[in-house]
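First up is the structure itself, then whatever we jot down about it.
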Amino acid sequence: MGKVARMLIATPFTTVQRWWRKAVSPPTADEISTSYRTWRNRFLWQRLRLWLWLALICLLSFTLRDIYGFFFHLKELEKLPEVLRTQRLVINIAVLLSTLICFALHKTKLGRDRPDLLFLGSSWGISLASQFFATIRGFALPDTIGWSLLFLSQAILMPVYWILHLLSQVGVLVYYFGINTVFGLKTLIPEHPEIYNVTLILYIFWFCAICDIGVYLYDRLQCSEFYARQELESAYQKLKVAETKYRSIFENAVEGIFQSSPDGHYITANPALARIYGYSLAEEVTANSTIIEQLYVDPNRRAEFVRLMEKYGSVSEFESQIYRRDGSIVWISEKAYAVRDEQGKLLYYEGLIEDITQRKQTEEELRVFFHAVSHDLRNPVLGTLMVLRNLLARPEQNISISRSILERMIQSSDRQLNLINSLMETHISEVQGIVLQRQSVQLLAVVEAAIADLEPLLEQNQTTLINLVSADLPLVNADPTQLWRVFSNLIVNALKHNAPGLLLTINATHENEMIYCTVSDNGVGISQQQSDRLFDLYFRGASIRNSVSLGLGLYLCKQIINAHGGEIGVNSALDVGATFWFTLPIS
């Protein structure tokens, strides 16, 4: 029974103790940070101005009372000792002067930077003025009414920094109880001449304690709210940054981003979606007049979109043709999902739209390309088959193959091999990129190797080739085999496009940190329209003589030079020859 009683008694006591520790525990160093101190000082400085005004008005009211009492009789003042009745006006004037001095200091830099010192100075200036006067006149003055007004007004108007309030109170009380005790001074109250009694002490103690606890708790509350506001502002700033970030993504995305209602209208749309549909503003897409079903070339596509959404909850690579604002038709691919509320009710569709018109055109061009490839590769094969079948159709004893027939067969086979190799190389470079085996390379050695390999072809075309590449050029950081292909392709390209008797010039110079290489001819030249597309995949010039080339050579040259970190181009015009140039970084 005793144990249970102790537990019942201990439970509320423990609760109060825990609450008290939490309430009066001093703020940690983290809580009182520089930012909060700055805010508290500014708050104290602002409230100190209001308090000084209040104190000034209060003192003026008592001064007016004393002036009135000096000329007219007030019964309430008759109980005051003679010295106070005659000298109270002097005390009030002294306190007024100290308050005015604090007003002047409040507007200075010292007052703004150290409002805590101004707080103590103004408080002691008001409370100790009467105490100094009483000490000089040889008596103690227990000014409980003045102290109560002072401490209460400070606690109400400046409820921060409780240490200042405690120092303000302790300073007055130490002076009153200490100085008066040292000098043995008594009060002017005949029935209570002693400077203190139990009632006075209890009153002052609890009055000051209540004021200080109130200030402390308010200060703690302000500290918590300050950091809560800071965290809220920080979260708001992060939210703004995130909103700006995602707004930027939404506004600058390449794909169209949308939200559409179940009844077939766009709720939101980004600028990319507006561009896909041919509008200048996203708001035009979300206008009520825009009905999604009418945008599809095939009006049944919207119904199919909704059907798939109901069945799977999402669609991916949903390809359709749609009408743009100007009536033109483009291909789009949609990736979307259904957004539902907690009860499963459909709210809207959300997703991405990509313009795949270029891809569709590329696929169509690829089909054309395969048709061209089949045609280009079939012709040499058919020619070879015809020759071989004619041979087989003859009697065995009459089969004889002339040198010209063999040469035709060899040439046809070579052309097939070249076409197949070019296709394979292009495919590999498109999928994997050009693979380089870099090393320090002397450019002259690469050029001479390419010329030597093409010597029979140069002689056959009666070509004069001038090699101006110097042996003292800086080394280049390159793949010698790939560079050999570039020079070979550029030389062969010149031979294909021009009649026999061509003059070719190869040169290389050192410019800045690059080697500038040129392959020039004095042939028929190239038009500006052809020059713009010369390095495109599968582009074939109109002046190629007797060739079934697929137009891969110059494209591969561009891929190789770009992989080396250089650039390639052509300078030409009709009937003035052509100069192909490219750059390479030195080692």
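Each chain of the structure tokens is named A, B, ... in the order shown, its residues numbered from 1; ligands are numbered from 1 in display order.
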Based on DSSP run over this structure's backbone, return all residues of stretch 202-352 of chain A in strand (DSSP E or B), as a count of residues only.
39
Find the residues near A:Trp484: any atom within 10 Å, counting only C-alpha atoms, skip ones fewer than 3 places away on the same chain, and give them as a PyMOL selection string.
chain A and resi 443+445-451+453+479-481+487-489
Counting only C-alpha atoms, what is within 12 Å of A:His192, bar same-chain residues fewer than 5 positions away, as a PyMOL selection string?
chain A and resi 140-142+186-187+197-200
Just write the chosen residues, N, CA and C atoms, as an mmCIF file, in the first residue's frame.
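Result saved to again.cif:
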data_model
loop_
_atom_site.group_PDB
_atom_site.id
_atom_site.type_symbol
_atom_site.label_atom_id
_atom_site.label_comp_id
_atom_site.auth_asym_id
_atom_site.auth_seq_id
_atom_site.Cartn_x
_atom_site.Cartn_y
_atom_site.Cartn_z
ATOM 1 N N ALA A 140 16.419 55.892 3.725
ATOM 2 C CA ALA A 140 16.157 54.839 2.730
ATOM 3 C C ALA A 140 14.776 55.033 2.137
ATOM 4 N N LEU A 141 14.657 54.749 0.835
ATOM 5 C CA LEU A 141 13.391 54.996 0.142
ATOM 6 C C LEU A 141 12.921 53.698 -0.523
ATOM 7 N N PRO A 142 12.061 52.914 0.126
ATOM 8 C CA PRO A 142 11.521 51.680 -0.488
ATOM 9 C C PRO A 142 10.425 52.015 -1.505
ATOM 10 N N LYS A 186 17.559 54.454 7.698
ATOM 11 C CA LYS A 186 16.210 53.993 8.005
ATOM 12 C C LYS A 186 15.227 54.656 7.051
ATOM 13 N N THR A 187 14.028 54.080 6.979
ATOM 14 C CA THR A 187 12.991 54.680 6.157
ATOM 15 C C THR A 187 12.350 55.842 6.905
ATOM 16 N N ASN A 197 11.235 44.055 5.408
ATOM 17 C CA ASN A 197 10.445 43.154 6.236
ATOM 18 C C ASN A 197 10.068 41.956 5.389
ATOM 19 N N VAL A 198 9.505 40.962 6.016
ATOM 20 C CA VAL A 198 9.209 39.717 5.309
ATOM 21 C C VAL A 198 8.233 39.952 4.170
ATOM 22 N N THR A 199 7.216 40.730 4.413
ATOM 23 C CA THR A 199 6.216 40.991 3.370
ATOM 24 C C THR A 199 6.837 41.685 2.159
ATOM 25 N N LEU A 200 7.685 42.695 2.421
ATOM 26 C CA LEU A 200 8.352 43.420 1.343
ATOM 27 C C LEU A 200 9.238 42.478 0.532
#
Need the shell around A:Glu350: protein/DNA/RNA residues with any atom at most 8 Å away, counting only C-alpha atoms. Skip same-chain ones fewer than 3 positions apart. Format as JSON, numbers by chain?
{"A": [257, 258, 259, 260, 336, 337, 338, 339]}
Selection file, N, CA and C atoms, as an mmCIF file, in the first residue's frame:
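again-v4.cif, freshly written:
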data_model
loop_
_atom_site.group_PDB
_atom_site.id
_atom_site.type_symbol
_atom_site.label_atom_id
_atom_site.label_comp_id
_atom_site.auth_asym_id
_atom_site.auth_seq_id
_atom_site.Cartn_x
_atom_site.Cartn_y
_atom_site.Cartn_z
ATOM 1 N N ILE A 257 5.011 17.908 -73.052
ATOM 2 C CA ILE A 257 4.491 17.415 -71.777
ATOM 3 C C ILE A 257 3.047 17.882 -71.656
ATOM 4 N N PHE A 258 2.156 16.984 -71.270
ATOM 5 C CA PHE A 258 0.744 17.348 -71.261
ATOM 6 C C PHE A 258 0.003 16.662 -70.128
ATOM 7 N N GLN A 259 -1.163 17.229 -69.821
ATOM 8 C CA GLN A 259 -2.201 16.602 -69.022
ATOM 9 C C GLN A 259 -3.506 16.810 -69.792
ATOM 10 N N SER A 260 -4.241 15.727 -69.996
ATOM 11 C CA SER A 260 -5.485 15.831 -70.754
ATOM 12 C C SER A 260 -6.633 15.233 -69.944
ATOM 13 N N ALA A 336 2.130 7.786 -72.008
ATOM 14 C CA ALA A 336 1.267 8.400 -71.014
ATOM 15 C C ALA A 336 0.749 7.354 -70.026
ATOM 16 N N TYR A 337 0.181 7.857 -68.918
ATOM 17 C CA TYR A 337 -0.431 6.983 -67.927
ATOM 18 C C TYR A 337 -1.633 7.704 -67.328
ATOM 19 N N ALA A 338 -2.518 6.931 -66.735
ATOM 20 C CA ALA A 338 -3.732 7.476 -66.140
ATOM 21 C C ALA A 338 -3.479 7.843 -64.678
ATOM 22 N N VAL A 339 -3.953 9.010 -64.268
ATOM 23 C CA VAL A 339 -3.832 9.476 -62.879
ATOM 24 C C VAL A 339 -5.208 9.367 -62.226
#
Of the listed residues A:Ile210, A:Leu534, A:Ile353, A:Leu60, that which approaches A:Ala274 most closely, counting only C-alpha atoms
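Residue with the minimum atom-to-atom distance to A:Ala274: A:Ile353.
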Among the residues of stretch 46-143 of chain A, find those DSSP assigns to helix (DSSP H, G or I) from the backbone and print them as a ChimeraX atom specification.
/A:46-71,75-77,82-106,109-113,115-137
Within 9 Å of A:Leu281, counting only C-alpha atoms, which residues show up once you throw out same-chain ones fewer than 5 positions away? Write them as a JSON list (two decimals) with C-alpha atoms, in the first residue's frame, please.
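Output file around.json follows:
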[["chain", "number", "residue", "atom", "x", "y", "z"],
["A", 270, "ASN", "CA", 4.38, 22.98, -72.36],
["A", 271, "PRO", "CA", 5.89, 25.08, -75.18],
["A", 274, "ALA", "CA", 2.72, 23.81, -78.73],
["A", 275, "ARG", "CA", 5.57, 23.74, -81.26]]
Give the answer as one residue: which of A:Leu150, A:Ile163, A:Val170, A:Leu97 has the shortest atom-to-atom distance to A:Ile213, using only C-alpha atoms?
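Among A:Leu150, A:Ile163, A:Val170, A:Leu97, it is A:Ile163 that comes nearest to A:Ile213.
Residues in contact with stretch 326-330 of chain A at 12 Å, where only C-alpha atoms are counted and same-chain residues fewer than 3 positions away are skipped, are listed as Arg275, Ile276, Tyr277, Gly278, Tyr279, Ser280, Gln294, Leu295, Tyr296, Val297, Asp298, Glu319, Ser320, Gln321, Ile322, Tyr323, Ser333, Ile353, Glu354, Asp355, Ile356, Thr357, Gln358, Arg359, Lys360 and Gln361 of chain A.
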If we count only C-alpha atoms and set the cut-off at 9 Å, which residues sit around stretch 454-470 of chain A, ignoring sequence neighbours fewer than 2 positions away in its own chain? Please answer as a list of chain:residue names.
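Contacts, in chain order: A:Leu443, A:Leu444, A:Val447, A:Glu448, A:Ala449, A:Ala450, A:Ile451, A:Ala452, A:Asp472, A:Leu473, A:Ser488, A:Ile491, A:Val492, A:Leu495, A:Ala499, A:Pro500, A:Gly501, A:Leu502, A:Leu503, A:Leu504, A:Thr505, A:Ile506, A:Asn507, A:Ala508, A:Thr509, A:Cys517.
The nearest approach to A:Ala209 among the residues A:Trp162, A:Ser531, A:Val576, A:Gly523, with only C-alpha atoms taken into account, belongs to A:Trp162.
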Distance of atom CA of A:Lys558 from atom CA of A:Trp581, expressed in Å to one decimal place
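Taking atom CA of A:Trp581 and atom CA of A:Lys558, their separation equals 10.7 Å.
In this structure, atom CA of A:Arg485 sits 10.3 Å away from atom CA of A:Leu554.
We find atom CA of A:Ser35 and atom CA of A:Tyr216 to be spaced 18.7 Å apart.
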